[in-house]
Every structure is written in structure tokens, then in C-alpha cells.
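Asks: I'm passing along structure_4.tsv; it holds TSV, C-alpha atoms.
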```
chain	number	residue	atom	x	y	z
G	131	MET	CA	40.24	-6.29	87.95
G	132	ARG	CA	36.49	-6.59	88.52
G	133	VAL	CA	35.11	-9.78	86.93
G	134	VAL	CA	31.47	-10.87	86.77
G	135	VAL	CA	31.15	-14.66	86.74
G	136	ALA	CA	27.67	-15.42	85.40
G	137	PRO	CA	27.28	-18.98	84.07
G	138	ASP	CA	24.27	-21.16	83.43
G	139	SER	CA	24.19	-24.75	84.69
G	140	PHE	CA	26.39	-27.30	82.88
G	141	GLY	CA	23.89	-29.90	81.73
G	142	GLY	CA	23.47	-32.61	84.32
G	143	THR	CA	26.93	-32.13	85.84
G	144	LEU	CA	27.09	-28.75	87.57
G	145	SER	CA	24.43	-26.36	88.78
G	146	ALA	CA	24.92	-22.71	87.90
G	147	THR	CA	26.09	-22.05	91.46
G	148	ALA	CA	28.59	-24.92	91.35
G	149	ALA	CA	29.85	-23.77	87.95
G	150	ALA	CA	30.37	-20.21	89.19
G	151	ASP	CA	32.22	-21.52	92.25
G	152	ALA	CA	34.48	-23.71	90.09
G	153	ILE	CA	35.32	-20.88	87.70
G	154	ALA	CA	36.08	-18.56	90.61
G	155	ALA	CA	38.26	-21.16	92.33
G	156	GLY	CA	40.38	-21.68	89.23
G	157	TRP	CA	40.59	-17.99	88.40
G	158	ARG	CA	41.78	-17.09	91.89
G	159	ARG	CA	44.61	-19.58	91.67
G	160	HIS	CA	46.18	-17.36	89.02
G	161	ALA	CA	44.72	-13.96	89.93
G	162	PRO	CA	43.94	-13.90	93.66
G	163	ASP	CA	43.63	-10.11	93.75
G	164	ASP	CA	40.91	-9.88	91.10
G	165	ASP	CA	37.51	-8.78	92.41
G	166	LEU	CA	35.15	-11.61	91.40
G	167	HIS	CA	31.39	-11.18	91.59
G	168	LEU	CA	29.56	-14.49	91.27
G	169	LEU	CA	26.12	-14.30	89.71
G	170	PRO	CA	24.77	-17.77	88.81
G	171	LEU	CA	22.12	-17.46	86.12
G	172	ALA	CA	19.51	-19.47	84.22
G	173	ASP	CA	17.42	-18.96	81.12
G	174	GLY	CA	14.25	-20.85	82.00
G	175	GLY	CA	15.67	-24.36	81.92
G	176	THR	CA	17.10	-26.46	84.73
G	177	GLY	CA	18.13	-24.34	87.71
G	178	PHE	CA	15.84	-21.40	86.85
G	179	VAL	CA	14.07	-21.36	90.21
G	180	GLU	CA	17.16	-22.14	92.28
G	181	VAL	CA	18.97	-19.15	90.75
G	182	LEU	CA	16.06	-16.85	91.60
G	183	HIS	CA	15.92	-18.16	95.17
G	184	THR	CA	19.66	-17.60	95.61
G	185	ALA	CA	19.35	-14.01	94.42
G	186	LEU	CA	15.96	-13.02	95.79
G	187	GLY	CA	15.00	-15.39	98.60
G	188	GLY	CA	11.36	-16.37	98.79
G	189	GLU	CA	9.40	-19.31	100.20
G	190	TRP	CA	9.80	-22.86	98.90
G	191	HIS	CA	6.73	-25.06	98.51
G	192	GLU	CA	7.47	-28.76	98.14
G	193	LEU	CA	5.20	-31.50	96.83
G	194	ASP	CA	5.22	-34.73	94.86
G	195	VAL	CA	4.01	-34.48	91.27
G	196	THR	CA	3.65	-36.85	88.33
G	197	GLY	CA	7.03	-37.46	86.73
G	198	PRO	CA	7.71	-38.14	83.05
G	199	PHE	CA	6.95	-41.87	83.44
G	200	GLY	CA	3.80	-41.32	85.52
G	201	ASP	CA	5.47	-42.09	88.85
G	202	PRO	CA	5.64	-39.49	91.66
G	203	VAL	CA	8.73	-37.29	91.79
G	204	PRO	CA	9.58	-34.62	94.37
G	205	ALA	CA	9.33	-31.07	93.07
G	206	ARG	CA	9.01	-27.55	94.41
G	207	TRP	CA	7.97	-24.07	93.43
G	208	LEU	CA	9.03	-20.71	94.78
G	209	ARG	CA	6.77	-17.95	96.07
G	210	ILE	CA	7.97	-14.37	96.09
G	211	GLY	CA	5.14	-12.06	97.11
G	212	SER	CA	2.12	-12.86	94.97
G	213	THR	CA	4.16	-14.50	92.20
G	214	ALA	CA	5.01	-18.19	91.87
G	215	TYR	CA	8.09	-19.35	89.98
G	216	LEU	CA	8.43	-22.92	88.79
G	217	GLU	CA	10.32	-24.80	86.10
G	218	SER	CA	9.11	-27.50	83.77
G	219	ALA	CA	12.31	-29.49	84.33
G	220	ALA	CA	11.36	-30.07	87.97
G	221	ALA	CA	8.45	-32.27	86.86
G	222	CYS	CA	9.46	-33.60	83.45
G	223	GLY	CA	13.15	-32.82	83.13
G	224	LEU	CA	15.54	-34.81	81.01
G	225	HIS	CA	17.59	-35.49	84.14
G	226	LEU	CA	14.66	-37.64	85.34
G	227	VAL	CA	15.15	-40.00	82.40
G	228	PRO	CA	18.25	-42.21	82.70
G	229	ARG	CA	20.41	-42.26	79.58
G	230	GLU	CA	19.61	-45.89	78.89
G	231	ARG	CA	15.90	-45.02	78.75
G	232	ARG	CA	16.29	-42.21	76.20
G	233	VAL	CA	14.97	-44.35	73.38
G	234	PRO	CA	12.25	-43.78	70.75
G	235	ASP	CA	9.43	-45.57	72.57
G	236	VAL	CA	10.06	-43.56	75.74
G	237	ALA	CA	10.35	-40.28	73.82
G	238	ARG	CA	6.90	-40.96	72.38
G	239	THR	CA	5.18	-41.56	75.74
G	240	VAL	CA	6.60	-39.36	78.53
G	241	THR	CA	4.24	-36.78	80.02
G	242	SER	CA	4.25	-33.16	81.18
G	243	ARG	CA	1.38	-33.72	83.63
G	244	GLY	CA	3.49	-32.79	86.65
G	245	VAL	CA	3.96	-29.27	85.32
G	246	GLY	CA	0.21	-28.76	85.43
G	247	GLU	CA	0.15	-30.07	88.98
G	248	LEU	CA	2.75	-27.49	89.99
G	249	VAL	CA	0.70	-24.73	88.36
G	250	ALA	CA	-2.42	-25.98	90.14
G	251	ALA	CA	-0.63	-26.01	93.50
G	252	ALA	CA	0.48	-22.41	93.01
G	253	ARG	CA	-3.03	-21.42	91.90
G	254	ASP	CA	-4.55	-23.02	94.98
G	255	ALA	CA	-2.06	-21.17	97.20
G	256	GLY	CA	-3.57	-17.89	96.07
G	257	VAL	CA	-0.87	-16.37	93.89
G	258	THR	CA	-1.88	-13.99	91.12
G	259	GLU	CA	0.90	-14.80	88.65
G	260	VAL	CA	2.71	-18.02	87.77
G	261	VAL	CA	6.00	-17.84	85.87
G	262	ILE	CA	6.94	-21.15	84.26
G	263	GLY	CA	10.55	-21.66	83.20
G	264	LEU	CA	10.65	-23.73	80.02
G	265	GLY	CA	13.62	-25.87	79.08
G	266	GLY	CA	15.43	-29.09	79.86
G	267	SER	CA	12.32	-31.23	79.41
G	268	ALA	CA	12.16	-34.91	78.49
G	269	THR	CA	8.72	-34.58	76.92
G	270	THR	CA	7.34	-33.86	73.46
G	271	ASP	CA	3.63	-33.97	74.26
G	272	GLY	CA	2.70	-30.40	73.32
G	273	GLY	CA	1.73	-29.71	76.92
G	274	ALA	CA	-1.19	-32.15	76.73
G	275	GLY	CA	-0.24	-33.67	80.08
G	276	MET	CA	-0.04	-30.25	81.71
G	277	LEU	CA	-3.45	-29.28	80.33
G	278	ALA	CA	-5.00	-32.52	81.59
G	279	ALA	CA	-3.82	-31.75	85.14
G	280	LEU	CA	-5.51	-28.35	84.85
G	281	GLY	CA	-8.83	-29.76	83.64
G	282	ALA	CA	-8.54	-29.77	79.85
G	283	VAL	CA	-8.15	-33.44	78.96
G	284	ALA	CA	-7.29	-34.71	75.48
G	285	VAL	CA	-9.89	-37.39	74.68
G	286	ASP	CA	-10.58	-39.62	71.69
G	287	ASP	CA	-13.79	-39.95	69.69
G	288	ALA	CA	-15.25	-42.18	72.38
G	289	GLY	CA	-14.57	-39.55	75.04
G	290	GLU	CA	-11.81	-41.57	76.67
G	291	PRO	CA	-8.55	-39.86	77.73
G	292	VAL	CA	-5.76	-40.66	75.31
G	293	PRO	CA	-2.57	-42.26	76.68
G	294	SER	CA	0.30	-40.10	77.87
G	295	GLY	CA	2.90	-38.74	75.50
G	296	GLY	CA	3.07	-36.98	72.18
G	297	ALA	CA	2.55	-40.03	69.98
G	298	ALA	CA	-1.01	-40.52	71.24
G	299	LEU	CA	-1.93	-37.09	69.90
G	300	ALA	CA	-1.80	-38.54	66.38
G	301	ARG	CA	-5.26	-39.96	67.07
G	302	SER	CA	-8.43	-37.98	66.47
G	303	VAL	CA	-8.58	-36.00	69.72
G	304	ARG	CA	-10.36	-33.04	71.23
G	305	LEU	CA	-10.11	-31.20	74.53
G	306	ASP	CA	-12.70	-32.11	77.13
G	307	GLY	CA	-12.95	-29.07	79.39
G	308	VAL	CA	-10.86	-25.91	79.67
G	309	PRO	CA	-7.88	-25.16	81.90
G	310	GLN	CA	-8.98	-24.15	85.39
G	311	LEU	CA	-6.72	-21.20	86.13
G	312	GLY	CA	-8.99	-18.93	88.13
G	313	ASP	CA	-7.58	-15.40	88.12
G	314	VAL	CA	-3.97	-16.51	87.71
G	315	ARG	CA	-1.89	-14.88	84.97
G	316	LEU	CA	0.59	-17.17	83.25
G	317	VAL	CA	4.05	-16.19	82.05
G	318	ALA	CA	6.08	-18.53	79.85
G	319	ALA	CA	9.80	-17.93	80.42
G	320	ALA	CA	11.25	-19.68	77.38
G	321	ASP	CA	14.92	-20.45	76.88
G	322	VAL	CA	14.48	-20.75	73.10
G	323	ASP	CA	12.38	-19.10	70.39
G	324	ASN	CA	11.66	-22.24	68.34
G	325	PRO	CA	8.21	-22.66	66.77
G	326	LEU	CA	6.17	-25.76	67.46
G	327	LEU	CA	6.59	-27.54	64.12
G	328	GLY	CA	8.98	-28.18	61.27
G	329	GLU	CA	12.74	-28.30	61.00
G	330	HIS	CA	13.18	-25.81	63.86
G	331	GLY	CA	10.32	-27.24	65.91
G	332	ALA	CA	10.02	-29.13	69.17
G	333	ALA	CA	10.35	-32.65	67.75
G	334	ALA	CA	13.04	-32.04	65.13
G	335	VAL	CA	15.39	-29.93	67.24
G	336	PHE	CA	14.97	-31.35	70.73
G	337	GLY	CA	13.52	-34.82	70.11
G	338	PRO	CA	16.86	-36.52	69.35
G	339	GLN	CA	18.39	-35.55	72.69
G	340	LYS	CA	15.36	-37.12	74.36
G	341	GLY	CA	15.82	-40.42	72.51
G	342	ALA	CA	13.71	-39.89	69.40
G	343	ASP	CA	15.10	-41.34	66.19
G	344	ALA	CA	14.16	-40.04	62.72
G	345	THR	CA	10.96	-42.09	62.63
G	346	ALA	CA	9.87	-40.92	66.08
G	347	VAL	CA	10.68	-37.30	65.22
G	348	ALA	CA	8.45	-37.48	62.13
G	349	GLU	CA	5.64	-39.09	64.13
G	350	LEU	CA	5.85	-36.57	66.93
G	351	ASP	CA	5.97	-33.59	64.56
G	352	ALA	CA	2.86	-34.85	62.77
G	353	ALA	CA	1.10	-35.46	66.09
G	354	LEU	CA	1.97	-31.96	67.30
G	355	ALA	CA	0.60	-30.51	64.05
G	356	GLY	CA	-2.71	-32.19	64.77
G	357	PHE	CA	-2.63	-31.05	68.39
G	358	ALA	CA	-2.06	-27.47	67.28
G	359	ASP	CA	-5.44	-27.73	65.55
G	360	VAL	CA	-6.94	-29.15	68.75
G	361	LEU	CA	-5.59	-26.21	70.76
G	362	ALA	CA	-6.94	-23.75	68.21
G	363	ARG	CA	-10.42	-25.31	68.33
G	364	GLY	CA	-10.52	-25.92	72.07
G	365	LEU	CA	-8.85	-22.77	73.38
G	366	GLY	CA	-9.30	-20.35	70.51
G	367	GLN	CA	-5.59	-19.71	69.95
G	368	ASP	CA	-3.59	-20.86	66.92
G	369	VAL	CA	-0.04	-20.76	68.28
G	370	ARG	CA	1.83	-23.17	66.02
G	371	ASP	CA	4.02	-20.46	64.51
G	372	GLU	CA	4.53	-18.39	67.65
G	373	PRO	CA	8.16	-18.00	68.85
G	374	GLY	CA	8.72	-20.21	71.87
G	375	ALA	CA	5.80	-22.54	71.08
G	376	GLY	CA	8.30	-25.36	70.62
G	377	ALA	CA	9.97	-24.79	73.98
G	378	ALA	CA	10.05	-27.73	76.40
G	379	GLY	CA	8.58	-30.22	73.95
G	380	GLY	CA	5.68	-27.99	73.00
G	381	LEU	CA	4.77	-26.89	76.52
G	382	GLY	CA	5.23	-23.40	75.19
G	383	ALA	CA	2.39	-23.94	72.72
G	384	ALA	CA	-0.03	-25.09	75.41
G	385	LEU	CA	0.84	-22.15	77.66
G	386	LEU	CA	0.50	-19.64	74.85
G	387	ALA	CA	-2.86	-21.17	73.94
G	388	CYS	CA	-3.90	-20.58	77.57
G	389	GLY	CA	-3.09	-16.89	77.15
G	390	ALA	CA	0.35	-16.91	78.71
G	391	ARG	CA	2.63	-13.95	78.09
G	392	ARG	CA	5.96	-15.08	76.66
G	393	VAL	CA	9.16	-13.54	77.96
G	394	SER	CA	12.81	-14.36	77.49
G	395	GLY	CA	13.83	-16.55	80.41
G	396	ALA	CA	17.36	-15.20	80.21
G	397	GLY	CA	16.10	-11.63	80.01
G	398	LEU	CA	13.81	-12.12	83.00
G	399	VAL	CA	16.59	-13.56	85.15
G	400	ARG	CA	18.97	-10.84	83.95
G	401	GLU	CA	16.52	-8.21	85.19
G	402	LEU	CA	15.56	-9.87	88.48
G	403	VAL	CA	19.08	-10.66	89.69
G	404	GLY	CA	20.61	-7.33	88.65
G	405	LEU	CA	23.03	-8.49	85.96
G	406	ASP	CA	23.09	-5.10	84.25
G	407	GLU	CA	24.10	-3.32	87.45
G	408	GLU	CA	26.98	-5.77	87.90
G	409	LEU	CA	28.10	-5.35	84.29
G	410	ASP	CA	28.10	-1.57	84.73
G	411	LYS	CA	31.03	-1.99	87.13
G	412	ALA	CA	32.86	-4.86	85.40
G	413	GLN	CA	36.01	-5.04	83.31
G	414	LEU	CA	35.29	-8.61	82.18
G	415	ALA	CA	32.29	-10.91	82.00
G	416	ILE	CA	32.56	-14.71	82.11
G	417	THR	CA	29.61	-16.90	81.24
G	418	GLY	CA	29.17	-20.51	80.19
G	419	GLU	CA	27.04	-23.64	79.90
G	420	GLY	CA	27.40	-27.31	79.13
G	421	SER	CA	27.46	-26.94	75.36
G	422	PHE	CA	28.03	-23.68	73.51
G	423	ASP	CA	26.38	-24.58	70.20
G	424	TRP	CA	24.00	-23.09	67.64
G	425	GLN	CA	21.07	-23.44	70.03
G	426	SER	CA	22.91	-21.09	72.39
G	427	LEU	CA	22.46	-18.37	69.78
G	428	ARG	CA	18.64	-18.65	69.81
G	429	GLY	CA	17.86	-16.62	72.92
G	430	LYS	CA	19.67	-18.65	75.55
G	431	LEU	CA	21.62	-17.30	78.49
G	432	ILE	CA	25.01	-16.77	76.89
G	433	THR	CA	23.54	-14.35	74.36
G	434	ALA	CA	21.91	-12.30	77.13
G	435	VAL	CA	25.16	-11.96	79.08
G	436	ALA	CA	27.21	-11.27	75.96
G	437	LYS	CA	24.79	-8.60	74.72
G	438	GLY	CA	24.73	-6.88	78.10
G	439	ALA	CA	28.52	-6.86	78.18
G	440	ALA	CA	28.85	-5.67	74.58
G	441	ASP	CA	26.44	-2.78	75.22
G	442	ARG	CA	28.91	-1.55	77.83
G	443	GLY	CA	32.09	-2.26	75.91
G	444	VAL	CA	32.99	-5.03	78.35
G	445	PRO	CA	34.71	-8.15	76.95
G	446	CYS	CA	32.76	-11.38	77.39
G	447	ILE	CA	34.29	-14.85	77.35
G	448	VAL	CA	32.62	-18.26	77.44
G	449	LEU	CA	33.80	-21.34	79.31
G	450	ALA	CA	31.72	-24.32	78.20
G	451	GLY	CA	31.86	-28.08	78.43
G	452	GLN	CA	32.03	-28.23	74.65
G	453	VAL	CA	32.22	-25.48	72.02
G	454	SER	CA	30.91	-25.91	68.48
G	455	VAL	CA	30.12	-22.28	67.64
G	456	GLY	CA	32.57	-20.69	65.24
G	457	THR	CA	34.55	-17.56	66.05
G	458	ARG	CA	32.52	-15.41	63.66
G	459	GLU	CA	29.15	-16.61	65.01
G	460	ALA	CA	30.31	-16.10	68.59
G	461	ALA	CA	31.52	-12.58	67.82
G	462	ALA	CA	28.15	-11.76	66.24
G	463	VAL	CA	26.43	-12.20	69.62
G	464	GLY	CA	29.14	-10.36	71.57
G	465	VAL	CA	31.39	-13.24	72.66
G	466	ASP	CA	35.10	-12.34	72.43
G	467	SER	CA	36.48	-15.83	73.02
G	468	ALA	CA	35.10	-19.29	73.85
G	469	TYR	CA	36.99	-22.10	75.58
G	470	SER	CA	36.10	-25.80	75.83
G	471	VAL	CA	36.59	-27.81	79.01
G	472	ALA	CA	36.63	-31.03	76.97
G	473	ASP	CA	39.39	-29.75	74.71
G	474	ASP	CA	41.41	-28.50	77.65
G	475	ALA	CA	40.99	-31.75	79.63
G	476	GLY	CA	41.80	-34.05	76.72
G	477	GLY	CA	38.31	-35.26	75.87
G	478	VAL	CA	34.71	-35.37	77.00
G	479	GLU	CA	35.17	-38.39	79.27
G	480	ALA	CA	38.09	-36.78	81.06
G	481	SER	CA	36.15	-33.57	81.59
G	482	MET	CA	33.08	-35.42	82.88
G	483	ALA	CA	35.13	-37.45	85.37
G	484	ASP	CA	35.70	-34.31	87.45
G	485	PRO	CA	33.42	-31.54	86.13
G	486	ALA	CA	34.25	-28.96	88.79
G	487	GLY	CA	37.96	-29.71	88.77
G	488	THR	CA	38.37	-29.56	85.01
G	489	LEU	CA	36.30	-26.37	84.77
G	490	ALA	CA	38.45	-24.79	87.48
G	491	ALA	CA	41.62	-25.86	85.65
G	492	LEU	CA	40.38	-24.25	82.44
G	493	ALA	CA	39.47	-21.05	84.30
G	494	GLU	CA	42.96	-20.89	85.77
G	495	ARG	CA	44.53	-21.15	82.32
G	496	VAL	CA	42.15	-18.62	80.81
G	497	ALA	CA	42.97	-16.19	83.60
G	498	THR	CA	46.57	-16.11	82.43
G	499	ARG	CA	45.34	-14.57	79.18
G	500	TRP	CA	42.63	-12.26	80.42
G	501	SER	CA	43.47	-11.08	83.93
G	502	ARG	CA	45.35	-7.80	84.08
```
Rewrite the structure of this file - the entire thing - as C-alpha cells.
Replies:
Amino acid sequence: MRVVVAPDSFGGTLSATAAADAIAAGWRRHAPDDDLHLLPLADGGTGFVEVLHTALGGEWHELDVTGPFGDPVPARWLRIGSTAYLESAAACGLHLVPRERRVPDVARTVTSRGVGELVAAARDAGVTEVVIGLGGSATTDGGAGMLAALGAVAVDDAGEPVPSGGAALARSVRLDGVPQLGDVRLVAAADVDNPLLGEHGAAAVFGPQKGADATAVAELDAALAGFADVLARGLGQDVRDEPGAGAAGGLGAALLACGARRVSGAGLVRELVGLDEELDKAQLAITGEGSFDWQSLRGKLITAVAKGAADRGVPCIVLAGQVSVGTREAAAVGVDSAYSVADDAGGVEASMADPAGTLAALAERVATRWSR
């Protein structure tokens, strides 16, 4: 039986490559003769660039950039021909904020400046296109930090730069300068299609996982609404309602205001790594991520794999750390069955104690049902 194993990363526990290896190890314990093809994937969030490098090669460029707290963090971007690939999570990812620091005051003040520094480094290296994977960020600053690093600084009425973070955008601000991009074309590879504002926006949907409580969410949403006006005045683009504007804490909005072309991160990876060609030859597709929830249904990786499989009449199953999507909702996007590592291991803590081992154990048990 030919099986394509194409997972995303599992939160902060397993990279996409490690998850694929664990699934394959468990599966082979039950079905050693199955023909497994491992294809680690990403949808623009954490691991986006690593997955592309694994599949396509390319040249790494390493540098220190400003992290979410303003301190230097090591980051890198990937050059393939005249195109640069980078991910917002490398500079302002949630994994850079310890769990004990995911509190309202921090959620209000972390910055995306390092993303702009990565874009600037790629620009200065002479590339003609920069693809930015959006997802997994700790920030909700509307991309103000990124814009500042590129030469468009948010300043107050006195002309002074406002402090870092989304909360400071509640002040009366304007952009001093315009982004210095030269001839570089920007592409925003978004892992979600959320707008910037409102109940499906950057603050309301993603703020709580970054430490924002209800009060902070309301403050950040109001600040982002004001910043949308600033972007419209300063860059001539009103992007508040554009799909993907709410990605990565509003980084999507800033990129779209700079003229970036938005693409599906999952769709881009699917094309570049040859997922469709692998599915053409498969009898089963396995995908997964840390949490298979309602956000997974809004353009994330699982939907891309499931749709590709469904188009070919190939069953698709999900192995995830946790599953909260109902059977009917899963079936609507092409998922035949979904299995939870936490449920199989006896709880979240047990599954997190040995992420690779418990994922492999689940894969072994699932193989008894699905392998021919």
C-alpha cells in the first residue's frame, strides 16, 4: 500500500519532519511492507522555510534580528534562485515567548521588527521576490514593527516613534516615511484567511493564545482599527477587510498595504514540494498538526492535503495532538477520520511527555485499521 505521510509541525513539540518520521516509525511497526512517502509540509507558519529547504535545497542566510522583546535572536532566510523565503515566526514566533510570559502586558508590547529586518537583509542581497510565511507569531502590532525596520516608522503627534507593540497604536499616530523595498516584490504566504478586525480578526482569534485577556483583546482590536486608517493614509491601501490581513497579528495587513500578493501558504508549499504528484500515486494520505480545530478549516495545511486527496478519491486521515473538529465538519473538507494523540495516550500531559513516542504509538494503532 502506497501511503503519503504529509504532516505539519506539532506546535512547539515536533517539527514537520520529526512528526513525519514518528508517524512512519509507528506505521511500519504494524505494516512494514507498506510503501511510505514522507513529505513534511507547512502552511506559512513555523517550519515553513525548513520544509522548503528539505524539499528544494537552496542557500541559508543567517543573521541576528530583533526578537519579540527587542533583544537579538538568531534567524535565517532561504535563497532559491532570485527568490527569498522567510517566516515571521523566525523573528517574532510564539515559541520565543516562554509560557509564563504570555500575559496581557506582554501581548500588548511585543514587536514584529525582526521580520522587517529579515526582509531588508533579503532585499540587500539582491533578490527580486521575498515570500514571507505568516503564522505562529507572538505579536499583535499590525506589522508596525516590521514597517519601522523598512523605513516607515509609526510616530506620534510630536514626531517621536511610538513604543513597540500593538497597544501603542491606540495613540494618534502617522507613518513617517515609506517602506524601502527597492524593486523587490512581496508575497504574503498566509496560513489563515482572517480579516484584521472584529470577532474573526487578529486580536480576537489569536490574541488569547499570546496571553491577551478580554480587556487586552478589546484594546488591541481598537488599536488595530486605528492603525488600519494609518496604513490607508500612509500607504494608500485600505486592507482592513482583506482575507489574510489578520494573519500573524496583523502582519498580513501591513504586507498587503505594501502591495504584497497574498497566496495560500499551504497551497504554495503543496505546489513547490510536489504534493499533487505524490497523491496521484497514493492509496492513502496521512496529515496532521498539533491541534485539529476550527482554525484548521480556515485555509490551513490539513485542508490542502485533504482537498488534494479527495480530488483523487484517496482517503485522508488526520493524526493530531488534539482533535476538536466534529466528524461532519472534518468530512466537509475531505477528512475521512481524525485521531487524537492525547486521547490515545490518556491525556495531554501524557502525550506531551513523549511527543514522538506517543504519536508513533497512535500511528501504529491507526495502521491496524487502515493498512491493507
Asks: Here is a test: counting all atoms listed in the file, which residue of G:Arg206, G:Arg400, G:Arg304, G:Arg370 is nearest to Leu386 (chain G)?
Replies: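 Checking each candidate against Leu386 (chain G), we get G:Arg370 as the closest.
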Asks: If you count all atoms listed in the file, which residues fall within 9 Å of region 237-239 of chain G, apart from same-chain ones fewer than 5 positions away, as a ChimeraX atom specification?
Replies: /G:198-199,231-232,268-271,293-298,337-338,340-342,346-347,349-350
Asks: Neighbours of Arg243 (chain G) within 6 Å (only C-alpha atoms; same-chain residues fewer than 2 positions away dropped), as a VMD selection string?
Replies: chain G and resid 241 245 to 246 275 to 276 279
Asks: In file coordinates, which residues lie within 9 Å of (46.9, -4.0, 85.7) using only C-alpha atoms, given as a ChimeraX atom specification?
Replies: /G:131,501-502
Asks: Just to be explicit: take each residue in the selection above, keep C-alpha atoms, and write the result as a short mmCIF file (atom, residue, chain, number, x, y, z; two decimals), in the frame of the given file.
Replies:
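That gives us again24.cif:
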```cif
data_model
loop_
_atom_site.label_atom_id
_atom_site.label_comp_id
_atom_site.auth_asym_id
_atom_site.auth_seq_id
_atom_site.Cartn_x
_atom_site.Cartn_y
_atom_site.Cartn_z
CA MET G 131 40.24 -6.29 87.95
CA SER G 501 43.47 -11.08 83.93
CA ARG G 502 45.35 -7.80 84.08
#
```
Asks: May I ask for the distance between CA of Asp423 (chain G) and CA of Ser454 (chain G), given in Å to one decimal place?
Replies: 5.0 Å
Asks: Tell me which of G:Ala252, G:Ala439, G:Val453, G:Ala387 sits closest to Gly364 (chain G), counting only C-alpha atoms.
Replies: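 Ranking G:Ala252, G:Ala439, G:Val453, G:Ala387 by distance to Gly364 (chain G), first place goes to G:Ala387.
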Asks: Select, from G:Ala415, G:Ala486, G:Ala491, G:Ala214, the residue with the minimum atom-to-atom distance to Ala148 (chain G), counting only C-alpha atoms.
Replies: G:Ala486
Asks: Between G:Gly404, G:Gly272, G:Gly256, G:Gly312, which is the closest to Asp359 (chain G) once you count only C-alpha atoms?
Replies: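 Among the listed residues, the smallest separation from Asp359 (chain G) belongs to G:Gly272.
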Asks: Skipping near chain neighbours, those fewer than 6 positions away, what residues fall within 9 Å of Val292 (chain G) using only C-alpha atoms, listed as a list in words?
Replies: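 Counting only the stated atoms, we get Val283, Ala284, Val285, Asp286, Ala298, Leu299, Arg301 and Val303 of chain G.
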Asks: Would you list the contacts of Val179 (chain G) as a tab-separated table (two decimals) with C-alpha atoms, in the coordinates of the input, taking every protein, DNA or RNA residue within 8 Å and counting only C-alpha atoms, but skipping same-chain residues closer than 3 positions in sequence?
Replies:
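The resulting part_30.tsv:
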```tsv
chain	number	residue	atom	x	y	z
G	182	LEU	CA	16.06	-16.85	91.60
G	183	HIS	CA	15.92	-18.16	95.17
G	207	TRP	CA	7.97	-24.07	93.43
G	208	LEU	CA	9.03	-20.71	94.78
G	215	TYR	CA	8.09	-19.35	89.98
G	216	LEU	CA	8.43	-22.92	88.79
G	217	GLU	CA	10.32	-24.80	86.10
G	263	GLY	CA	10.55	-21.66	83.20
```
Asks: Pick out the residues sitting within 9 Å of Leu449 (chain G), and hand them over as a PyMOL selection string; count only C-alpha atoms, and ignore anything fewer than 5 positions along from it in its own chain.
Replies: chain G and resi 137+153+416-420+422+467-471+489+492-493+496
Asks: What separation in Å, quoted to one decimal, exists between CA of Gln425 (chain G) and CA of Asn324 (chain G)?
Replies: 9.6 Å
Asks: In Å, rounded to a single decimal, give me how far CA of Asp151 (chain G) is from CA of Leu169 (chain G).
Replies: 9.8 Å
Asks: Restricting the calculation to only C-alpha atoms: of G:Ala154, G:Val240, G:Leu264, G:Met482, which residue gets closest to Ala219 (chain G)?
Replies: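 Selected residue with least distance to Ala219 (chain G): G:Leu264.
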